[in-house]
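Here's protein-v6.txt, which has compact mmCIF, C-alpha atoms and all ligand atoms:
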# COMPACT_ATOMS: atom_id res chain seq x y z
CA MET A 1 74.83 112.70 119.76
CA MET A 2 74.92 109.04 118.87
CA THR A 3 76.49 106.83 121.52
CA ARG A 4 79.37 104.53 120.69
CA VAL A 5 77.14 101.47 121.26
CA ALA A 6 74.51 102.84 118.89
CA ALA A 7 77.18 103.51 116.27
CA VAL A 8 78.48 99.95 116.56
CA CYS A 9 74.96 98.49 116.37
CA MET A 10 74.19 100.54 113.30
CA ALA A 11 77.40 99.41 111.66
CA PHE A 12 76.48 95.77 112.40
CA ALA A 13 73.02 96.27 110.94
CA MET A 14 74.53 97.80 107.80
CA LEU A 15 77.05 95.04 107.34
CA GLY A 16 74.82 92.05 108.05
CA SER A 17 77.15 89.19 108.94
CA THR A 18 80.27 91.32 108.50
CA PRO A 19 82.05 92.47 111.66
CA ALA A 20 81.72 96.17 112.42
CA PRO A 21 84.60 98.58 111.85
CA ALA A 22 86.68 98.87 114.96
CA VAL A 23 85.63 101.95 116.89
CA ARG A 24 88.74 101.74 119.06
CA ALA A 25 92.28 101.02 117.92
CA SER A 26 93.37 97.45 117.19
CA ALA A 27 96.80 96.02 117.96
CA ILE A 28 97.53 92.96 115.82
CA TYR A 29 100.46 90.93 117.12
CA ALA A 30 102.32 88.19 115.23
CA THR A 31 105.68 86.46 115.36
CA HIS A 32 106.78 88.01 112.05
CA LEU A 33 106.09 91.03 109.86
CA LEU A 34 107.42 91.22 106.30
CA ASP A 35 108.50 94.74 105.37
CA VAL A 36 107.82 94.50 101.63
CA ARG A 37 109.92 97.55 100.74
CA THR A 38 113.15 96.46 102.40
CA GLY A 39 112.50 92.72 102.16
CA ARG A 40 113.37 92.41 105.85
CA THR A 41 111.41 90.25 108.25
CA ILE A 42 110.77 91.87 111.62
CA ASP A 43 110.32 89.43 114.51
CA ASP A 44 107.88 89.90 117.37
CA ALA A 45 105.85 92.51 115.51
CA VAL A 46 102.67 94.50 115.88
CA VAL A 47 100.45 96.54 113.58
CA ILE A 48 98.33 99.18 115.26
CA ALA A 49 95.26 100.25 113.26
CA SER A 50 93.09 103.18 114.18
CA GLY A 51 90.29 104.91 112.27
CA GLY A 52 90.87 102.75 109.19
CA ARG A 53 94.57 103.68 108.96
CA VAL A 54 97.83 102.18 110.08
CA ALA A 55 99.14 104.04 113.11
CA TYR A 56 102.24 101.87 113.56
CA ALA A 57 103.82 98.77 112.02
CA GLY A 58 107.05 97.27 113.30
CA ALA A 59 108.74 95.76 116.32
CA ARG A 60 106.59 95.27 119.37
CA SER A 61 109.34 96.65 121.60
CA ALA A 62 109.14 100.10 119.96
CA ALA A 63 105.32 100.27 119.78
CA ARG A 64 103.13 102.50 121.90
CA VAL A 65 99.88 100.55 122.03
CA PRO A 66 96.90 102.63 123.22
CA PRO A 67 95.75 101.18 126.56
CA ASP A 68 92.16 100.67 125.36
CA ALA A 69 93.18 99.00 122.06
CA GLU A 70 91.60 95.70 121.11
CA ARG A 71 94.43 93.14 121.14
CA VAL A 72 94.60 90.33 118.60
CA ASP A 73 97.42 87.80 118.95
CA LEU A 74 97.94 85.85 115.75
CA GLY A 75 100.86 83.81 117.11
CA ALA A 76 103.25 82.28 114.60
CA LEU A 77 101.89 83.99 111.47
CA THR A 78 103.52 86.57 109.17
CA LEU A 79 101.93 90.01 108.83
CA LEU A 80 101.90 91.70 105.42
CA PRO A 81 100.06 94.54 103.74
CA GLY A 82 96.82 93.47 102.02
CA LEU A 83 97.52 92.13 98.53
CA ILE A 84 96.54 93.84 95.27
CA ASP A 85 95.30 92.18 92.08
CA ALA A 86 95.52 94.60 89.15
CA HIS A 87 93.38 92.48 86.82
CA VAL A 88 90.14 90.80 87.82
CA HIS A 89 86.57 90.52 86.53
CA LEU A 90 84.33 90.28 89.60
CA THR A 91 81.16 90.16 87.51
CA LEU A 92 82.28 86.96 85.72
CA GLY A 93 81.55 83.51 87.20
CA GLY A 94 79.17 83.44 90.18
CA THR A 95 77.58 86.43 91.88
CA PRO A 96 79.68 89.59 92.15
CA GLU A 97 79.07 89.75 95.93
CA ALA A 98 80.29 86.17 96.47
CA ASN A 99 83.29 86.81 94.21
CA ALA A 100 84.17 89.97 96.15
CA ARG A 101 84.02 88.09 99.44
CA ALA A 102 86.12 85.18 98.16
CA THR A 103 88.70 87.66 96.88
CA VAL A 104 89.06 89.65 100.08
CA GLU A 105 89.09 86.52 102.24
CA ALA A 106 92.02 85.30 100.12
CA GLY A 107 93.93 88.39 101.29
CA PHE A 108 93.36 90.64 98.25
CA THR A 109 92.15 93.88 99.78
CA THR A 110 92.34 95.91 96.55
CA VAL A 111 91.49 94.85 92.99
CA GLN A 112 91.27 96.54 89.65
CA ASP A 113 88.26 95.28 87.70
CA LEU A 114 89.20 95.43 84.02
CA GLY A 115 86.03 94.88 82.10
CA ALA A 116 82.42 93.83 82.24
CA VAL A 117 79.43 93.73 79.90
CA ASP A 118 77.44 96.19 82.02
CA GLU A 119 77.86 98.68 84.85
CA THR A 120 76.94 96.52 87.87
CA ILE A 121 80.56 96.66 89.05
CA PHE A 122 80.16 100.34 89.98
CA ARG A 123 77.31 99.49 92.36
CA LEU A 124 79.35 96.72 93.97
CA ARG A 125 82.32 99.08 94.37
CA ASP A 126 80.12 101.71 95.99
CA ASP A 127 78.38 99.16 98.27
CA ILE A 128 81.79 97.95 99.49
CA ASP A 129 83.02 101.54 100.00
CA ALA A 130 79.91 102.27 102.07
CA GLY A 131 80.40 99.14 104.20
CA ARG A 132 77.18 97.50 103.00
CA VAL A 133 79.00 94.54 101.41
CA ALA A 134 82.26 92.83 102.43
CA GLY A 135 84.87 92.96 99.71
CA PRO A 136 88.07 94.50 98.44
CA ARG A 137 88.52 98.13 97.44
CA ILE A 138 87.67 98.16 93.72
CA LEU A 139 88.98 100.34 90.93
CA ALA A 140 86.62 99.62 88.07
CA ALA A 141 86.72 100.06 84.31
CA GLY A 142 83.05 99.35 83.62
CA ARG A 143 82.57 98.04 80.10
CA TRP A 144 85.45 96.91 77.92
CA ILE A 145 86.14 99.25 75.00
CA GLY A 146 87.10 97.47 71.81
CA ARG A 147 86.33 97.17 68.16
CA THR A 148 83.13 95.73 66.71
CA ASN A 149 83.70 91.96 66.27
CA GLY A 150 86.99 92.26 68.16
CA THR A 151 88.38 90.47 71.23
CA CYS A 152 86.20 92.35 73.72
CA ASP A 153 83.02 92.70 71.73
CA PHE A 154 80.78 90.80 74.16
CA SER A 155 77.01 91.19 73.75
CA GLY A 156 77.52 93.74 70.98
CA ILE A 157 79.39 96.34 73.05
CA GLY A 158 82.11 96.82 70.40
CA VAL A 159 82.46 100.16 68.60
CA ARG A 160 84.13 101.37 65.41
CA GLY A 161 85.85 104.64 64.51
CA ALA A 162 87.80 107.16 66.58
CA ASP A 163 84.69 109.18 67.44
CA ALA A 164 82.88 106.14 68.78
CA PHE A 165 85.88 105.16 70.92
CA ARG A 166 86.07 108.70 72.31
CA GLN A 167 82.36 108.67 73.06
CA ARG A 168 82.51 105.33 74.87
CA VAL A 169 85.40 106.51 77.03
CA ARG A 170 83.37 109.57 78.02
CA GLU A 171 80.37 107.41 78.75
CA GLU A 172 82.30 105.03 81.00
CA ILE A 173 83.79 107.97 82.91
CA ARG A 174 80.34 109.51 83.31
CA ARG A 175 79.02 106.22 84.68
CA GLY A 176 81.82 106.07 87.23
CA ALA A 177 84.89 104.40 85.68
CA ASP A 178 88.15 104.75 87.62
CA VAL A 179 90.18 103.35 84.73
CA ILE A 180 89.60 102.77 81.01
CA LYS A 181 90.14 99.32 79.49
CA VAL A 182 90.96 99.21 75.78
CA CYS A 183 91.34 96.03 73.71
CA VAL A 184 94.08 96.32 71.12
CA SER A 185 94.93 92.80 69.91
CA GLY A 186 93.65 89.22 69.97
CA TRP A 187 94.99 86.37 72.14
CA LEU A 188 98.30 84.54 72.25
CA ALA A 189 98.02 82.32 69.19
CA ASP A 190 97.20 85.25 66.89
CA ALA A 191 99.82 87.46 68.49
CA ARG A 192 102.51 84.81 68.05
CA ARG A 193 101.55 83.97 64.47
CA GLU A 194 101.15 87.58 63.35
CA PRO A 195 103.39 89.83 65.49
CA ASP A 196 102.71 92.88 63.30
CA ARG A 197 98.92 92.74 63.52
CA TYR A 198 96.46 94.25 65.98
CA GLU A 199 92.77 94.79 65.64
CA ILE A 200 92.12 98.49 66.14
CA SER A 201 93.45 101.44 64.18
CA ASN A 202 96.02 103.82 65.61
CA GLU A 203 93.40 106.57 65.36
CA GLU A 204 90.95 104.60 67.49
CA LEU A 205 93.64 103.65 70.00
CA GLU A 206 94.94 107.19 70.28
CA ALA A 207 91.41 108.60 70.61
CA ALA A 208 90.62 106.21 73.48
CA ILE A 209 93.87 106.82 75.37
CA THR A 210 93.79 110.60 74.86
CA GLU A 211 90.16 110.81 75.99
CA ALA A 212 90.91 108.69 79.08
CA HIS A 213 93.74 111.06 79.97
CA ARG A 214 91.55 114.08 79.34
CA GLY A 215 89.18 112.61 81.95
CA ARG A 216 92.20 111.99 84.21
CA ARG A 217 91.81 108.21 84.03
CA PRO A 218 94.60 105.76 83.25
CA ALA A 219 94.28 103.57 80.16
CA ALA A 220 94.88 99.83 80.62
CA VAL A 221 95.28 97.90 77.38
CA HIS A 222 94.83 94.30 76.37
CA ALA A 223 97.71 94.07 73.88
CA LEU A 224 99.69 90.90 73.16
CA SER A 225 101.22 91.18 69.68
CA THR A 226 104.60 92.90 69.34
CA ALA A 227 103.19 95.69 67.20
CA GLY A 228 100.03 96.01 69.32
CA VAL A 229 101.86 96.51 72.60
CA ALA A 230 104.42 98.80 70.92
CA ALA A 231 101.66 101.03 69.48
CA ALA A 232 99.75 101.13 72.76
CA VAL A 233 102.83 102.12 74.76
CA ARG A 234 103.91 104.65 72.11
CA LEU A 235 100.44 106.23 72.17
CA GLY A 236 100.48 106.61 75.96
CA ALA A 237 98.93 103.48 77.51
CA ASP A 238 99.49 103.33 81.28
CA LEU A 239 99.23 99.59 81.91
CA VAL A 240 99.62 96.54 79.66
CA VAL A 241 97.70 93.46 80.76
CA HIS A 242 98.47 89.80 80.02
CA SER A 243 101.89 88.63 78.93
CA ALA A 244 102.95 90.14 75.63
CA PHE A 245 105.47 89.60 72.87
CA VAL A 246 107.15 92.80 73.91
CA ASP A 247 110.23 94.01 72.03
CA ARG A 248 113.34 95.63 73.46
CA GLN A 249 112.48 99.19 72.48
CA THR A 250 109.05 98.86 74.08
CA ILE A 251 110.58 97.38 77.25
CA ASP A 252 112.84 100.44 77.48
CA ARG A 253 109.87 102.76 76.97
CA MET A 254 107.84 100.93 79.60
CA ARG A 255 110.70 101.06 82.05
CA ALA A 256 111.27 104.78 81.47
CA ARG A 257 107.56 105.62 81.90
CA ARG A 258 106.95 102.97 84.54
CA VAL A 259 104.28 101.29 82.47
CA HIS A 260 103.77 97.98 84.27
CA LEU A 261 103.06 94.66 82.63
CA VAL A 262 100.47 92.46 84.36
CA PRO A 263 101.36 88.94 83.18
CA THR A 264 98.31 86.71 84.20
CA LEU A 265 100.42 83.56 83.66
CA PHE A 266 98.46 81.14 85.85
CA SER A 267 95.31 81.81 83.85
CA PHE A 268 97.23 81.49 80.56
CA ALA A 269 98.64 78.11 81.57
CA ARG A 270 95.07 76.85 81.95
CA ALA A 271 93.31 78.59 79.07
CA GLN A 272 95.83 79.13 76.25
CA PRO A 273 97.68 76.66 73.97
CA GLU A 274 100.82 75.34 75.70
CA ALA A 275 103.29 76.16 72.91
CA ASP A 276 102.05 79.77 72.81
CA VAL A 277 102.29 80.08 76.59
CA GLN A 278 105.87 78.80 76.53
CA ALA A 279 106.77 81.21 73.74
CA VAL A 280 105.40 84.26 75.55
CA GLU A 281 106.86 83.14 78.89
CA SER A 282 110.34 83.07 77.42
CA VAL A 283 109.83 86.61 76.03
CA VAL A 284 108.54 87.91 79.38
CA ARG A 285 111.34 86.13 81.25
CA GLY A 286 113.85 88.10 79.15
CA ALA A 287 111.87 91.30 79.67
CA VAL A 288 111.82 90.82 83.46
CA ALA A 289 115.59 90.28 83.40
CA ALA A 290 115.87 93.53 81.40
CA GLY A 291 113.98 95.45 84.09
CA LEU A 292 110.40 95.47 82.81
CA PRO A 293 108.17 96.64 85.69
CA ILE A 294 105.73 93.91 86.77
CA ALA A 295 102.45 94.28 88.65
CA PHE A 296 100.46 91.33 89.92
CA GLY A 297 97.26 90.32 88.16
CA THR A 298 95.30 87.16 87.52
CA ASP A 299 92.32 87.76 85.21
CA ALA A 300 90.22 86.19 88.01
CA GLY A 301 86.84 85.37 86.58
CA VAL A 302 88.76 83.35 84.02
CA ILE A 303 90.33 81.53 87.01
CA ALA A 304 88.20 81.05 90.13
CA HIS A 305 87.88 84.10 92.39
CA GLY A 306 89.84 83.61 95.60
CA ARG A 307 92.55 81.54 93.93
CA ASN A 308 94.45 84.70 92.95
CA ALA A 309 97.57 83.74 94.94
CA ARG A 310 98.29 80.89 92.53
CA GLU A 311 99.87 83.51 90.25
CA PHE A 312 102.83 83.97 92.63
CA GLU A 313 104.41 80.64 91.70
CA ALA A 314 103.86 81.40 88.01
CA LEU A 315 105.80 84.66 88.45
CA ALA A 316 108.60 82.75 90.19
CA ARG A 317 108.80 80.41 87.20
CA ILE A 318 109.68 83.30 84.88
CA GLY A 319 112.50 84.45 87.11
CA VAL A 320 110.78 86.90 89.48
CA THR A 321 112.43 86.57 92.91
CA PRO A 322 110.13 85.82 95.90
CA ILE A 323 110.44 89.35 97.32
CA ASP A 324 109.73 90.89 93.90
CA ALA A 325 106.72 88.60 93.49
CA VAL A 326 105.41 89.93 96.81
CA ARG A 327 106.25 93.48 95.73
CA ALA A 328 104.40 92.92 92.43
CA ALA A 329 101.22 92.41 94.52
CA THR A 330 101.98 95.23 96.97
CA VAL A 331 104.23 98.24 96.32
CA HIS A 332 104.49 97.75 92.55
CA ALA A 333 100.77 97.16 92.03
CA ALA A 334 100.06 100.15 94.26
CA ARG A 335 102.19 102.29 91.97
CA ALA A 336 100.53 100.83 88.88
CA LEU A 337 97.15 101.78 90.40
CA ARG A 338 98.44 105.22 91.44
CA LEU A 339 97.81 104.50 95.09
CA ASP A 340 101.39 104.19 96.30
CA GLY A 341 101.76 105.07 99.95
CA THR A 342 98.05 104.38 100.53
CA ILE A 343 97.94 100.65 99.82
CA GLY A 344 100.49 97.85 99.46
CA VAL A 345 102.54 99.00 102.41
CA LEU A 346 102.31 98.91 106.21
CA GLN A 347 103.37 102.37 107.28
CA LYS A 348 101.85 105.15 109.32
CA GLY A 349 98.95 106.76 107.45
CA ALA A 350 98.43 103.92 104.94
CA SER A 351 95.03 102.24 104.68
CA ALA A 352 94.64 99.59 107.40
CA ASP A 353 94.72 96.70 104.94
CA VAL A 354 96.50 93.95 106.85
CA ILE A 355 96.78 90.23 106.28
CA ALA A 356 98.58 87.40 108.03
CA VAL A 357 99.74 84.20 106.37
CA ASP A 358 100.92 80.83 107.63
CA GLY A 359 104.63 80.69 106.77
CA ASN A 360 107.25 83.01 105.32
CA PRO A 361 106.50 83.95 101.67
CA LEU A 362 110.21 84.56 101.04
CA ASP A 363 110.94 80.87 101.77
CA ASP A 364 107.75 79.53 100.21
CA LEU A 365 105.41 81.59 98.01
CA THR A 366 102.56 79.13 98.65
CA ALA A 367 102.35 80.70 102.14
CA LEU A 368 100.36 83.43 100.35
CA GLN A 369 97.67 80.82 99.66
CA ARG A 370 97.37 80.25 103.42
CA VAL A 371 95.83 83.55 104.50
CA ARG A 372 94.51 83.28 108.07
CA TYR A 373 93.69 86.89 108.92
CA VAL A 374 92.34 89.81 106.87
CA MET A 375 91.64 93.40 107.86
CA ALA A 376 90.40 95.65 105.04
CA ARG A 377 90.22 99.39 105.65
CA GLY A 378 90.22 98.79 109.39
CA VAL A 379 87.46 96.14 109.33
CA THR A 380 88.38 92.58 110.35
CA LEU A 381 86.90 90.28 107.72
CA ARG A 382 88.69 87.09 108.58
CA ALA A 383 90.29 85.89 111.80
CA PRO A 384 91.65 82.53 112.97
CA GLN A 385 88.93 80.42 114.66
ZN ZN B 401 90.73 90.22 81.65
Please rewrite the model in this file as structure tokens.
Amino acid sequence: MMTRVAAVCMAFAMLGSTPAPAVRASAIYATHLLDVRTGRTIDDAVVIASGGRVAYAGARSAARVPPDAERVDLGALTLLPGLIDAHVHLTLGGTPEANARATVEAGFTTVQDLGAVDETIFRLRDDIDAGRVAGPRILAAGRWIGRTNGTCDFSGIGVRGADAFRQRVREEIRRGADVIKVCVSGWLADARREPDRYEISNEELEAAITEAHRGRRPAAVHALSTAGVAAAVRLGADLVVHSAFVDRQTIDRMRARRVHLVPTLFSFARAQPEADVQAVESVVRGAVAAGLPIAFGTDAGVIAHGRNAREFEALARIGVTPIDAVRAATVHAARALRLDGTIGVLQKGASADVIAVDGNPLDDLTALQRVRYVMARGVTLRAPQ
């Protein structure tokens, strides 16, 4: 039988410069813990992690810390569950490994990778799962699926016709896709000018969504025009990414089916024409007020990896309250990714994805840009010096 020391050494060898997974339990103390479900801040708190899972999260006075636990005192920081970004592209801009590290060190312990020109993302996901590379848990779409000459036809990966869409969905699933990404409409300017237009046929859209569901994968759509997002939601899409010119009937449908919108406003403000951004922001502001479910996403790869938390202030600007902005990146994103109870929450049995930030996010959302401590699946990846 392998000794504990040998197991730790092997883990170190596997991870290179990354710290080994804790063999014994860890007790992480901090002055505050934000319970993202209730919105309450618990003072003098501790999170106990053991075997990659949360064993306890709450007041220190009620905790039973195992006597041999490794103790980490983070002082005047605020503990939170690891953050979730439901829309990134880790293979865009820089090396995927460096992007993964920047992302997890910024406190994002789970990401959904919504499109690439090849399948390298699956290898990165698997390397991270196996502990060979430091990074966030990844749910990956593999290649974008869109029409020939359409929005997502990069390097000739576009297809045409319902059969071809169906085939590509099957192919991505066979290669390892966790989610299917379908491109329905163009960008903001087109969507605003021509609200009734989108670039793929209903037959193609339905074929892609139905085939994704047949393979038990959710379908995430890039749909911005009023008619495009309406068709996608009507035909069964599970997640709508980017802000959209969404109409009232579609908002009601999304609310009823809990189809989240992932706004990506910070990236829009930098990459899209200002008048179009303002127009869509006012639509999404109304939709949020009407109860549209929001999940956090950034389109990182378009913005720099590791700057994901900039999106929080953008959400606040469209009327999302601070606690709901935090929930968008925790409990709501977890539900959008079908991992509720496992991620986005500090409770017994959840994945030991724990971060600590400098400040209280409910008073100041920029605290989420000051991540000082990160544990991902029980492995400490960042700690105060
Ligand atoms: Zn994207």
(request) Could you please extract the residues within 9 Å of ligand ZN 401 (chain B), counting only C-alpha atoms and all ligand atoms, and hand them back as a list in words? (result)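 So the residues close to ligand ZN 401 (chain B) are His87, Val88, His89, Asp113, Leu114, Gly115, His222, Val241, His242, Thr264, Thr298, Asp299, Ala300, Gly301 and Val302 of chain A.
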(request) Counting all atoms listed in the file, select every polymer residue within 6 Å of (98.6, 80.3, 110.4) as defined in the file's coordinates, and provide the selection as a list of chain:residue names. (result)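 So the residues meeting the distance criterion are A:Leu77, A:Val357, A:Asp358, A:Arg372.
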(request) Go through A:Val179, A:Leu124, A:Leu365, A:Leu205 one by one, measure the shortest atom-to-atom distance of each to Asp163 of chain A using all atoms listed in the file, and give the residue with the smallest value. (result)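 The answer is A:Leu205, which sits nearest to Asp163 of chain A.
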(request) For atom CA of Glu204 of chain A and atom CA of Gly186 of chain A, determine how far apart the two atoms are, in Å to one decimal place. (result)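 For atom CA of Glu204 of chain A relative to atom CA of Gly186 of chain A, the distance reads 15.8 Å.
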(request) Go through A:Leu80, A:Val246, A:Ala86, A:Ala69 one by one, measure the shortest atom-to-atom distance of each to Thr41 of chain A using all atoms listed in the file, and give the residue with the smallest value. (result)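 Checking each of A:Leu80, A:Val246, A:Ala86, A:Ala69 against Thr41 of chain A, counting all atoms listed in the file, the winner is A:Leu80.
Among the candidate residues A:Ile355, A:Leu315, A:Ala350, A:Val284, the one lying nearest to Gly51 of chain A is A:Ala350, with distances computed using all atoms listed in the file.
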